[in-house]
$ cat query_4.txt   # compact mmCIF, C-alpha atoms and all ligand atoms
# COMPACT_ATOMS: atom_id res chain seq x y z
CA MET A 2 0.00 0.00 0.00
CA LYS A 3 1.16 3.47 -0.81
CA LYS A 4 1.71 5.77 2.14
CA VAL A 5 0.14 9.17 1.64
CA ILE A 6 0.38 12.20 3.94
CA PHE A 7 -2.39 14.78 3.80
CA LEU A 8 -1.12 18.15 4.96
CA ASN A 9 -3.53 20.89 5.93
CA GLY A 10 -1.81 24.27 5.54
CA SER A 11 -4.63 26.52 6.71
CA PRO A 12 -4.65 28.25 10.10
CA LYS A 13 -8.36 27.44 10.19
CA ARG A 14 -7.36 23.76 10.37
CA LYS A 15 -10.48 21.56 10.71
CA ARG A 16 -12.76 24.49 9.88
CA ALA A 17 -10.91 25.36 6.68
CA VAL A 18 -12.16 25.03 3.15
CA SER A 19 -8.84 23.27 2.54
CA GLU A 20 -9.94 20.59 5.01
CA LYS A 21 -13.12 19.91 3.02
CA PHE A 22 -11.16 19.55 -0.21
CA LEU A 23 -8.58 17.35 1.48
CA LYS A 24 -11.34 15.17 2.91
CA ILE A 25 -12.79 14.54 -0.55
CA ALA A 26 -9.37 13.33 -1.70
CA GLU A 27 -8.83 11.27 1.46
CA ASP A 28 -12.24 9.61 1.39
CA CYS A 29 -11.82 8.48 -2.17
CA LEU A 30 -8.65 6.59 -1.24
CA GLU A 31 -10.11 5.01 1.89
CA GLY A 32 -8.81 1.45 2.30
CA GLN A 33 -6.51 1.76 -0.70
CA ILE A 34 -3.65 3.58 0.95
CA GLN A 35 -2.07 4.05 4.32
CA GLY A 36 -2.99 7.67 5.01
CA GLU A 37 -2.29 10.20 7.70
CA LYS A 38 -3.41 13.79 8.16
CA LEU A 39 -1.24 16.53 9.68
CA TYR A 40 -1.92 20.20 10.36
CA ILE A 41 0.93 22.58 9.58
CA TYR A 42 -0.46 25.28 11.88
CA GLU A 43 -0.42 23.08 14.95
CA SER A 44 2.77 21.11 14.39
CA GLU A 45 6.23 21.50 15.83
CA PHE A 46 8.72 21.17 13.02
CA SER A 47 10.85 18.48 14.63
CA ASP A 48 12.91 15.81 12.86
CA GLU A 49 10.31 13.19 13.88
CA TYR A 50 7.61 15.29 12.25
CA PHE A 51 9.55 15.58 9.00
CA ASP A 52 10.43 11.86 9.16
CA ARG A 53 6.72 11.10 9.15
CA ILE A 54 6.13 13.30 6.15
CA TYR A 55 9.12 12.50 4.00
CA GLU A 56 9.01 8.75 4.56
CA ALA A 57 5.69 8.75 2.73
CA ASP A 58 5.37 7.96 -0.95
CA ALA A 59 3.20 10.97 -1.64
CA VAL A 60 2.28 14.21 0.10
CA VAL A 61 -0.92 16.08 -0.68
CA MET A 62 -0.79 19.62 0.66
CA ALA A 63 -3.96 21.70 0.85
CA LEU A 64 -3.64 25.39 1.54
CA PRO A 65 -5.32 28.76 1.08
CA LEU A 66 -3.87 31.64 -0.93
CA TYR A 67 -2.67 34.31 1.48
CA ILE A 68 -1.55 37.68 0.11
CA ASP A 69 -1.02 36.18 -3.32
CA CYS A 70 1.30 33.48 -2.04
CA LEU A 71 1.55 30.83 0.68
CA PRO A 72 0.51 31.35 4.32
CA ALA A 73 3.40 32.34 6.59
CA ARG A 74 3.58 29.06 8.46
CA VAL A 75 3.60 27.04 5.24
CA LEU A 76 6.64 29.06 4.18
CA GLU A 77 8.17 28.32 7.56
CA PHE A 78 7.45 24.63 7.01
CA MET A 79 9.28 24.85 3.69
CA ALA A 80 12.25 26.68 5.20
CA GLU A 81 12.58 24.20 8.06
CA SER A 82 12.11 21.14 5.87
CA LYS A 83 14.89 22.41 3.62
CA GLU A 84 17.32 22.10 6.51
CA TYR A 85 15.97 18.65 7.28
CA LEU A 86 16.09 17.42 3.69
CA LYS A 87 19.70 18.52 3.28
CA ASN A 88 20.70 15.69 5.61
CA ARG A 89 18.43 13.08 4.14
CA GLU A 90 19.68 10.66 1.55
CA GLU A 91 16.64 8.49 0.92
CA LYS A 92 14.01 8.77 -1.76
CA ARG A 93 11.85 11.85 -2.08
CA PRO A 94 8.05 11.67 -2.11
CA GLU A 95 5.71 12.95 -4.77
CA LEU A 96 4.18 16.33 -4.00
CA TYR A 97 0.62 17.32 -4.91
CA PHE A 98 -1.20 20.50 -3.91
CA ILE A 99 -4.75 21.73 -3.50
CA ILE A 100 -4.76 25.51 -3.36
CA ASN A 101 -7.82 27.71 -3.00
CA CYS A 102 -8.29 31.44 -3.05
CA GLY A 103 -11.14 33.64 -1.87
CA PHE A 104 -11.43 35.74 -4.99
CA LEU A 105 -13.32 34.52 -8.03
CA GLU A 106 -10.51 33.64 -10.43
CA TYR A 107 -8.36 30.53 -10.07
CA SER A 108 -5.69 32.39 -12.04
CA GLN A 109 -4.89 34.31 -8.83
CA ASN A 110 -3.21 31.13 -7.55
CA ASP A 111 -0.71 30.90 -10.40
CA THR A 112 2.19 32.63 -8.67
CA ALA A 113 1.75 30.59 -5.51
CA ILE A 114 1.80 27.40 -7.59
CA LYS A 115 5.14 28.45 -9.09
CA ILE A 116 6.49 28.87 -5.56
CA ILE A 117 5.40 25.34 -4.62
CA GLU A 118 7.00 24.01 -7.78
CA LYS A 119 10.24 25.86 -6.99
CA TYR A 120 10.22 24.40 -3.49
CA ALA A 121 9.85 20.90 -4.90
CA GLU A 122 12.57 21.46 -7.49
CA LYS A 123 15.09 22.86 -5.02
CA ASN A 124 14.53 20.03 -2.56
CA GLY A 125 14.38 17.17 -5.02
CA LEU A 126 10.70 16.36 -4.43
CA ASN A 127 8.76 14.79 -7.25
CA TYR A 128 6.34 17.61 -8.12
CA ARG A 129 3.16 16.18 -9.63
CA GLY A 130 0.85 19.21 -9.92
CA GLY A 131 -2.50 19.51 -8.24
CA VAL A 132 -5.79 21.39 -8.09
CA SER A 133 -6.18 25.18 -8.26
CA VAL A 134 -9.52 26.50 -7.00
CA GLY A 135 -10.92 30.03 -7.30
CA SER A 136 -13.91 31.26 -5.27
CA GLY A 137 -12.95 28.60 -2.71
CA ALA A 138 -15.56 29.48 -0.12
CA MET A 139 -18.45 29.39 -2.61
CA ILE A 140 -17.63 26.53 -4.92
CA LEU A 141 -19.03 23.63 -2.87
CA GLN A 142 -22.39 25.40 -2.84
CA SER A 143 -22.31 25.97 -6.59
CA ARG A 144 -23.04 24.01 -9.76
CA LYS A 145 -19.31 23.36 -10.07
CA LYS A 146 -19.33 21.11 -6.98
CA ASP A 147 -19.47 17.86 -8.96
CA ILE A 148 -16.66 18.80 -11.29
CA LEU A 149 -14.52 19.91 -8.38
CA GLU A 150 -15.12 16.59 -6.63
CA LYS A 151 -14.19 14.77 -9.78
CA VAL A 152 -10.88 16.61 -10.26
CA LEU A 153 -9.99 16.18 -6.58
CA LYS A 154 -10.63 12.45 -6.92
CA ASP A 155 -8.62 12.24 -10.15
CA MET A 156 -5.71 13.83 -8.38
CA ALA A 157 -6.14 11.62 -5.30
CA GLU A 158 -6.13 8.49 -7.43
CA GLU A 159 -2.91 9.59 -9.00
CA ALA A 160 -1.43 10.19 -5.54
CA GLY A 161 -2.64 6.77 -4.39
CA ALA A 162 -1.35 4.77 -7.35
CA PHE A 163 2.07 3.24 -7.73
CA HIS A 164 1.95 3.19 -11.49
CA TYR A 165 0.52 5.74 -13.87
CA PRO A 166 -0.89 4.90 -17.27
CA GLU A 167 1.64 5.75 -19.94
CA ASN A 168 -0.48 8.49 -21.49
CA MET A 169 -1.03 10.21 -18.17
CA PRO A 170 0.16 13.80 -18.41
CA GLU A 171 2.72 14.72 -15.80
CA LYS A 172 2.36 17.69 -13.49
CA THR A 173 -1.27 18.33 -14.32
CA VAL A 174 -2.75 21.43 -12.71
CA ARG A 175 -6.52 21.16 -12.73
CA LYS A 176 -8.09 24.64 -12.53
CA ILE A 177 -11.60 25.49 -11.47
CA ASN A 178 -13.79 28.30 -10.12
CA VAL A 179 -17.50 29.06 -9.90
CA ASP A 180 -19.21 29.82 -13.15
CA MET A 181 -20.36 33.36 -12.52
CA PRO A 182 -19.82 36.82 -13.99
CA ARG A 183 -17.70 39.09 -11.82
CA PHE A 184 -20.48 41.53 -10.97
CA LEU A 185 -22.61 38.70 -9.61
CA PHE A 186 -19.75 37.25 -7.59
CA LYS A 187 -19.15 40.69 -6.10
CA ALA A 188 -22.83 41.15 -5.29
CA LYS A 189 -22.97 37.76 -3.56
CA ALA A 190 -19.74 38.17 -1.60
CA ASP A 191 -20.51 41.74 -0.54
CA LYS A 192 -23.95 40.65 0.65
CA LEU A 193 -22.44 37.92 2.86
CA TRP A 194 -20.21 40.47 4.61
CA VAL A 195 -23.06 42.98 4.99
CA GLU A 196 -25.11 40.23 6.66
CA ALA A 197 -22.21 39.13 8.87
CA GLY A 198 -21.65 42.75 9.93
CA ALA A 199 -25.37 43.31 10.60
CA LYS A 200 -25.36 40.42 13.08
CA LYS A 201 -22.69 42.36 14.99
CA GLY A 202 -24.66 45.62 14.72
CA LEU A 203 -22.37 47.03 12.03
CA ASP A 204 -23.57 48.68 8.84
CA LYS A 205 -21.65 49.09 5.58
CA LYS A 206 -20.11 52.35 6.69
CA ALA A 207 -18.89 50.77 9.94
CA LEU A 208 -17.35 47.86 8.00
CA ARG A 209 -15.39 50.39 5.95
CA ALA A 210 -14.28 52.38 9.02
CA LYS A 211 -10.66 53.42 9.40
CA TYR A 212 -9.23 52.01 12.58
CA TYR A 213 -5.87 53.80 12.38
CA MET B 2 8.40 70.00 0.03
CA ASP B 3 7.31 67.50 2.63
CA LYS B 4 9.68 64.64 3.26
CA ILE B 5 8.73 61.30 1.75
CA LYS B 6 7.37 59.03 4.48
CA ILE B 7 8.89 55.60 4.14
CA ILE B 8 8.08 52.51 6.13
CA MET B 9 10.71 49.86 5.80
CA ILE B 10 10.09 46.33 6.99
CA SER B 11 13.18 44.18 7.06
CA ASP B 12 14.06 40.62 7.95
CA ALA B 13 17.81 41.30 7.89
CA HIS B 14 19.61 39.35 10.58
CA ASP B 15 22.89 38.20 9.06
CA MET B 16 25.79 40.09 7.45
CA GLU B 17 24.33 40.01 3.98
CA GLY B 18 20.93 41.30 5.03
CA ARG B 19 22.32 43.93 7.36
CA LEU B 20 24.50 45.32 4.58
CA VAL B 21 21.48 45.81 2.34
CA GLU B 22 19.48 47.26 5.23
CA LYS B 23 22.28 49.74 5.92
CA GLY B 24 22.42 50.57 2.21
CA LEU B 25 18.71 51.36 2.24
CA GLN B 26 19.01 53.55 5.33
CA ASP B 27 21.78 55.55 3.64
CA LEU B 28 19.74 55.79 0.48
CA PHE B 29 16.78 57.26 2.36
CA SER B 30 18.84 59.55 4.60
CA LYS B 31 16.97 62.66 3.44
CA ASP B 32 13.55 61.06 3.85
CA GLU B 33 11.48 60.26 6.88
CA VAL B 34 12.12 56.55 7.42
CA THR B 35 10.70 54.24 10.01
CA LEU B 36 12.46 50.91 10.11
CA PHE B 37 10.96 47.76 11.55
CA ASN B 38 13.24 44.77 11.79
CA CYS B 39 11.56 41.40 12.31
CA ALA B 40 14.18 40.45 14.89
CA ASP B 41 12.81 43.13 17.24
CA LEU B 42 9.17 42.28 16.74
CA LYS B 43 6.81 39.70 18.07
CA ILE B 44 4.21 38.95 15.42
CA GLU B 45 1.53 36.27 15.71
CA TYR B 46 0.28 34.35 12.71
CA CYS B 47 -2.93 35.47 11.07
CA ILE B 48 -5.45 32.82 12.12
CA GLY B 49 -7.85 33.53 9.28
CA CYS B 50 -10.76 34.39 11.61
CA PHE B 51 -11.85 37.50 9.65
CA SER B 52 -12.73 39.36 12.87
CA CYS B 53 -10.98 42.35 11.27
CA ARG B 54 -13.60 42.26 8.54
CA TYR B 55 -16.93 41.92 10.30
CA LYS B 56 -16.50 42.08 14.08
CA THR B 57 -14.00 44.84 14.74
CA PRO B 58 -13.40 46.40 11.30
CA GLY B 59 -9.72 47.11 10.72
CA LYS B 60 -8.66 45.67 14.08
CA CYS B 61 -7.00 42.30 14.58
CA VAL B 62 -7.69 39.92 17.49
CA HIS B 63 -3.95 39.82 18.22
CA ASN B 64 -2.40 42.61 20.22
CA ASP B 65 1.26 42.49 19.20
CA GLY B 66 3.95 44.20 17.13
CA MET B 67 1.49 44.91 14.31
CA VAL B 68 -0.09 47.60 16.47
CA ASP B 69 3.12 49.62 16.03
CA ILE B 70 3.54 48.85 12.35
CA LEU B 71 0.06 49.52 11.01
CA PRO B 72 -0.16 53.29 11.77
CA HIS B 73 3.11 53.78 9.88
CA LEU B 74 1.88 51.67 7.03
CA VAL B 75 -1.28 53.77 6.85
CA ALA B 76 0.66 57.07 6.88
CA SER B 77 3.37 55.94 4.44
CA ASP B 78 4.06 57.22 0.94
CA VAL B 79 6.39 54.34 0.22
CA ILE B 80 6.38 50.79 1.54
CA VAL B 81 9.77 49.08 1.37
CA LEU B 82 10.05 45.36 2.05
CA LEU B 83 13.49 43.87 2.51
CA THR B 84 13.40 40.11 2.43
CA ARG B 85 15.54 37.08 1.95
CA MET B 86 14.41 35.27 -1.18
CA GLU B 87 12.79 31.90 -0.51
CA TYR B 88 11.62 30.02 -3.62
CA GLY B 89 10.64 33.25 -5.36
CA CYS B 90 8.68 34.30 -2.29
CA TYR B 91 9.19 36.35 0.87
CA SER B 92 10.90 34.93 3.91
CA PRO B 93 8.53 33.45 6.53
CA LEU B 94 9.13 36.34 8.93
CA ILE B 95 8.20 39.01 6.41
CA LYS B 96 5.23 36.91 5.37
CA ARG B 97 3.90 36.78 8.91
CA ILE B 98 3.63 40.55 8.77
CA LEU B 99 2.14 40.57 5.29
CA ASP B 100 -0.53 38.05 6.27
CA ARG B 101 -1.54 40.45 9.01
CA THR B 102 -2.04 43.33 6.58
CA ILE B 103 -5.49 42.16 5.54
CA THR B 104 -6.80 44.72 8.01
CA PHE B 105 -5.60 47.13 5.34
CA GLU B 106 -8.58 46.20 3.19
CA THR B 107 -12.35 46.40 3.65
CA PRO B 108 -14.55 43.31 3.12
CA PHE B 109 -15.86 44.71 -0.16
CA LEU B 110 -14.79 43.74 -3.64
CA ARG B 111 -13.65 45.88 -6.54
CA THR B 112 -12.30 45.08 -9.96
CA ALA B 113 -8.64 45.71 -10.69
CA ASN B 114 -6.63 44.46 -13.66
CA GLY B 115 -9.64 42.47 -14.78
CA GLU B 116 -9.82 40.47 -11.54
CA THR B 117 -11.66 40.67 -8.24
CA HIS B 118 -9.75 42.32 -5.40
CA LEU B 119 -10.67 44.11 -2.18
CA GLU B 120 -11.22 47.82 -1.61
CA PRO B 121 -8.42 49.54 0.29
CA ARG B 122 -9.40 50.68 3.77
CA TYR B 123 -6.86 53.52 3.73
CA PRO B 124 -6.70 54.74 0.14
CA LYS B 125 -3.62 56.85 -0.59
CA LYS B 126 -1.13 57.12 -3.43
CA ARG B 127 1.58 54.80 -2.14
CA LYS B 128 4.43 53.00 -3.81
CA LEU B 129 5.65 49.50 -3.13
CA LEU B 130 9.35 48.76 -3.43
CA THR B 131 10.68 45.30 -2.67
CA VAL B 132 14.28 44.28 -2.23
CA ALA B 133 15.14 40.58 -2.20
CA TYR B 134 18.56 39.18 -1.35
CA ASP B 135 20.18 35.78 -1.22
CA GLU B 136 23.52 34.22 -2.03
CA ASN B 137 22.06 33.21 -5.33
CA ILE B 138 18.74 34.11 -6.95
CA ASP B 139 17.98 32.23 -10.14
CA SER B 140 16.14 33.80 -13.05
CA GLU B 141 12.96 31.82 -12.37
CA GLU B 142 12.84 32.97 -8.78
CA ALA B 143 13.29 36.54 -9.95
CA VAL B 144 10.37 36.16 -12.35
CA ILE B 145 8.12 34.60 -9.68
CA PHE B 146 8.97 37.37 -7.23
CA THR B 147 8.36 40.05 -9.86
CA HIS B 148 4.89 38.63 -10.55
CA LEU B 149 4.16 38.25 -6.87
CA THR B 150 5.05 41.84 -6.02
CA LYS B 151 2.97 43.12 -8.92
CA ARG B 152 0.00 41.29 -7.45
CA ASN B 153 0.78 42.53 -3.95
CA ALA B 154 0.82 46.10 -5.23
CA ILE B 155 -2.74 45.64 -6.49
CA ASN B 156 -3.91 44.38 -3.12
CA PHE B 157 -2.01 47.16 -1.32
CA ASP B 158 -3.53 49.58 -3.84
CA ALA B 159 0.01 50.84 -4.35
CA GLU B 160 2.05 51.68 -7.43
CA TRP B 161 4.40 48.83 -8.19
CA ARG B 162 8.11 49.35 -8.56
CA ARG B 163 10.41 46.78 -10.12
CA PRO B 164 11.98 44.71 -7.34
CA VAL B 165 15.68 44.92 -6.64
CA PHE B 166 17.54 41.60 -6.51
CA ILE B 167 20.80 41.48 -4.64
CA ARG B 168 23.00 38.43 -4.91
CA GLU B 169 26.14 37.88 -2.91
CA GLY B 170 28.99 40.10 -4.00
CA GLU B 171 26.87 42.49 -6.05
CA ASP B 172 27.19 46.26 -5.81
CA ILE B 173 24.44 47.08 -3.33
CA GLU B 174 24.77 50.84 -3.50
CA LYS B 175 24.60 50.99 -7.28
CA LYS B 176 21.52 48.77 -7.44
CA LEU B 177 19.70 50.69 -4.74
CA ARG B 178 20.51 54.08 -6.27
CA ARG B 179 18.91 52.98 -9.50
CA ALA B 180 15.82 51.87 -7.59
CA TYR B 181 15.64 55.24 -5.84
CA GLY B 182 15.56 57.03 -9.18
CA ASP B 183 12.74 54.72 -10.20
CA LEU B 184 10.90 55.45 -6.96
CA LEU B 185 10.82 59.21 -7.57
CA LYS B 186 9.18 58.79 -10.99
C1 LIG C 301 -4.46 36.78 5.57
C2 LIG C 301 -5.31 36.40 4.39
C3 LIG C 301 -4.87 36.69 3.12
C4 LIG C 301 -5.62 36.33 2.01
N1 LIG C 301 -5.16 36.66 0.76
C5 LIG C 301 -5.88 36.31 -0.33
C6 LIG C 301 -5.43 36.65 -1.64
O1 LIG C 301 -4.36 37.24 -1.82
N2 LIG C 301 -6.21 36.31 -2.69
C7 LIG C 301 -7.39 35.65 -2.53
O2 LIG C 301 -8.06 35.37 -3.53
N3 LIG C 301 -7.84 35.31 -1.29
C8 LIG C 301 -7.11 35.63 -0.21
N4 LIG C 301 -7.56 35.28 1.04
C9 LIG C 301 -8.80 34.52 1.16
C10 LIG C 301 -8.57 33.02 1.37
O3 LIG C 301 -7.73 32.50 0.38
C11 LIG C 301 -9.91 32.31 1.34
O4 LIG C 301 -10.67 32.76 2.41
C12 LIG C 301 -9.77 30.77 1.37
O5 LIG C 301 -11.01 30.21 1.01
C13 LIG C 301 -9.38 30.26 2.75
O6 LIG C 301 -9.19 28.87 2.67
P1 LIG C 301 -9.10 27.96 3.99
O7 LIG C 301 -10.46 27.94 4.61
O8 LIG C 301 -8.67 26.64 3.50
O9 LIG C 301 -8.11 28.60 4.90
C14 LIG C 301 -6.85 35.66 2.18
C15 LIG C 301 -7.29 35.38 3.47
C16 LIG C 301 -6.55 35.74 4.58
C17 LIG C 301 -7.06 35.41 5.95
$ encode --input "query_4.txt" --output "structure tokens"
Amino acid sequence: MKKVIFLNGSPKRKRAVSEKFLKIAEDCLEGQIQGEKLYIYESEFSDEYFDRIYEADAVVMALPLYIDCLPARVLEFMAESKEYLKNREEKRPELYFIINCGFLEYSQNDTAIKIIEKYAEKNGLNYRGGVSVGSGAMILQSRKKDILEKVLKDMAEEAGAFHYPENMPEKTVRKINVDMPRFLFKAKADKLWVEAGAKKGLDKKALRAKYY
Amino acid sequence: MDKIKIIMISDAHDMEGRLVEKGLQDLFSKDEVTLFNCADLKIEYCIGCFSCRYKTPGKCVHNDGMVDILPHLVASDVIVLLTRMEYGCYSPLIKRILDRTITFETPFLRTANGETHLEPRYPKKRKLLTVAYDENIDSEEAVIFTHLTKRNAINFDAEWRRPVFIREGEDIEKKLRRAYGDLLK
């Protein structure tokens, strides 16, 4: 059985959108792999921790887009694991990602994906691509839900398999966001925040207030 | 003429970084500079709770070093980020601070460069200058970082300036002087 590590790179941990996406991938491999889930935002970066991760055959990392790149602690994970990997001779696992951003367009993840790829390249990991999701918070409630589930499962199956079919493209990045014009996305998102503010007794003007 | 207000956030902690930091301080000697070095700051991670959006607009749940930084960020004409290059990205310490700048935006969307982004909470004509250093920065990392900072400028609602890349042994002063000329444009 292949050993697969599922890494959650969101500070929201179990409450994250990343967790939901990761769960879809995990569930589809149930019984077919030896899997383990770890949370980057609650882990100490010890050698034992990195042993667990890098002894696996594949790592699937799910994370949100933060300020157009990776969340701070994910970068810290990468920096620390670099030191660890320097002293490690053995094989390197495959690396897959699931990245999601809050804004509508999946294209906003492109730079962050390049950073992940660079990390893999510089540390000799076998970068295999992943899933890039726009409108991450809305997509599971949209018509795109089924397609998203399908691409997450496709990726998971690749991560769970020892052999790929010969015609399987390498490093596939599957890209998806809700199917909605920008003005409608804005109207929907703005409405959610107006409602959230109203529950706290805050109107639109108060939500725009300058604190400093 | 009023002095240019510059906020400089730096992760310099070793020789290489400190040299560039010193070079920047000399460069801005006639301006009003406030320097924050990550080594002197305690910054918590953003926990993604969005309290700063809908509970206490503009205010974070953490009460730490950001409380000192944010007023300077708001008042600044120029934001300078000095960072070690890590895979075409910022160093983790600089990124901790950047993650905490979402208080800089309101919850509401706008369109910029044909994409959705957030409205700035403190609109002002600012400029964003980034300086990345490392022993070696390959051309791909430079391209990634260039793209990244362009995107950051949109979300900061700032004018983007071409990043400065400083590799070991390069002429720091010369590179920074060129960037200063670019900054005044
Ligand atoms: C500090 C911070 C920075 C963010 N930066 C971006 C960004 O640059 N672009 C974007 O589209 N969404 C951004 N978001 C929104 C998140 O990517 C979005 O909420 C995502 O769905 C969170 O996923 P998670 O629940 O897995 O953490 C940011 C959110 C936070 C808290």
$ residues_near_ligand --input "query_4.txt" --ligand "ligand LIG 301 (chain C)" --cutoff "8 Å" --atoms "all atoms listed in the file" --output "ChimeraX atom specification"
/A:10-14,16-20,63-70,72,100-106,109-110,135-138 /B:47-51,99-103,117-118,153,156
$ interface_residues --input "query_4.txt" --of "chain B" --to "chain A" --cutoff "6 Å" --atoms "all atoms listed in the file" --output "PyMOL selection string"
chain B and resi 48+55+58-59+72+88+93+96-97+107+109-110+117
$ write_last_selection --input "query_4.txt" --atoms "C-alpha atoms" --output "short mmCIF file (atom, residue, chain, number, x, y, z; two decimals), in the coordinates of the input"
data_model
loop_
_atom_site.label_atom_id
_atom_site.label_comp_id
_atom_site.auth_asym_id
_atom_site.auth_seq_id
_atom_site.Cartn_x
_atom_site.Cartn_y
_atom_site.Cartn_z
CA ILE B 48 -5.45 32.82 12.12
CA TYR B 55 -16.93 41.92 10.30
CA PRO B 58 -13.40 46.40 11.30
CA GLY B 59 -9.72 47.11 10.72
CA PRO B 72 -0.16 53.29 11.77
CA TYR B 88 11.62 30.02 -3.62
CA PRO B 93 8.53 33.45 6.53
CA LYS B 96 5.23 36.91 5.37
CA ARG B 97 3.90 36.78 8.91
CA THR B 107 -12.35 46.40 3.65
CA PHE B 109 -15.86 44.71 -0.16
CA LEU B 110 -14.79 43.74 -3.64
CA THR B 117 -11.66 40.67 -8.24
#
$ closest_residue --input "query_4.txt" --among "B:Glu116, B:Asp41, B:Glu106, B:Asp172" --to "His14 in chain B" --atoms "only C-alpha atoms"
B:Asp41
$ closest_residue --input "query_4.txt" --among "B:Lys4, B:Lys186, B:Lys31, B:Arg168" --to "Asn137 in chain B" --atoms "all atoms listed in the file"
B:Arg168
$ atom_distance --input "query_4.txt" --atom1 "CA of Val5 in chain A" --atom2 "CA of Tyr40 in chain A"
14.2 Å
$ atom_distance --input "query_4.txt" --atom1 "CA of Asp147 in chain A" --atom2 "CA of Ile177 in chain A"
11.2 Å
$ closest_residue --input "query_4.txt" --among "A:Lys3, A:Lys87, A:Lys145, A:Lys151" --to "Glu56 in chain A" --atoms "all atoms listed in the file"
A:Lys3
$ atom_distance --input "query_4.txt" --atom1 "CA of Phe157 in chain B" --atom2 "CA of Ile95 in chain B"
15.2 Å
$ residues_near_point --input "query_4.txt" --point "(-1.1, 16.4, 1.4)" --cutoff "7 Å" --atoms "only C-alpha atoms" --output "ChimeraX atom specification"
/A:6-9,60-63,97-98
$ axis_aligned_box --input "query_4.txt" --around "range 60-75 of chain B" --padding-each-side "4 Å" --output "AutoDock Vina command-line options"
--center_x -2.4 --center_y 46.8 --center_z 13.5 --size_x 20.6 --size_y 22.0 --size_z 21.4
$ residues_near_point --input "query_4.txt" --point "(16.4, 38.1, 0.5)" --cutoff "10 Å" --atoms "all atoms listed in the file" --output "compact mmCIF listing (two decimals) with C-alpha atoms, keeping the file's coordinate frame"
# COMPACT_ATOMS: atom_id res chain seq x y z
CA SER B 11 13.18 44.18 7.06
CA ASP B 12 14.06 40.62 7.95
CA ALA B 13 17.81 41.30 7.89
CA GLU B 17 24.33 40.01 3.98
CA GLY B 18 20.93 41.30 5.03
CA VAL B 21 21.48 45.81 2.34
CA LEU B 82 10.05 45.36 2.05
CA LEU B 83 13.49 43.87 2.51
CA THR B 84 13.40 40.11 2.43
CA ARG B 85 15.54 37.08 1.95
CA MET B 86 14.41 35.27 -1.18
CA GLU B 87 12.79 31.90 -0.51
CA GLY B 89 10.64 33.25 -5.36
CA CYS B 90 8.68 34.30 -2.29
CA TYR B 91 9.19 36.35 0.87
CA SER B 92 10.90 34.93 3.91
CA THR B 131 10.68 45.30 -2.67
CA VAL B 132 14.28 44.28 -2.23
CA ALA B 133 15.14 40.58 -2.20
CA TYR B 134 18.56 39.18 -1.35
CA ASP B 135 20.18 35.78 -1.22
CA GLU B 136 23.52 34.22 -2.03
CA ASN B 137 22.06 33.21 -5.33
CA ILE B 138 18.74 34.11 -6.95
CA VAL B 165 15.68 44.92 -6.64
CA PHE B 166 17.54 41.60 -6.51
CA ILE B 167 20.80 41.48 -4.64
CA ARG B 168 23.00 38.43 -4.91
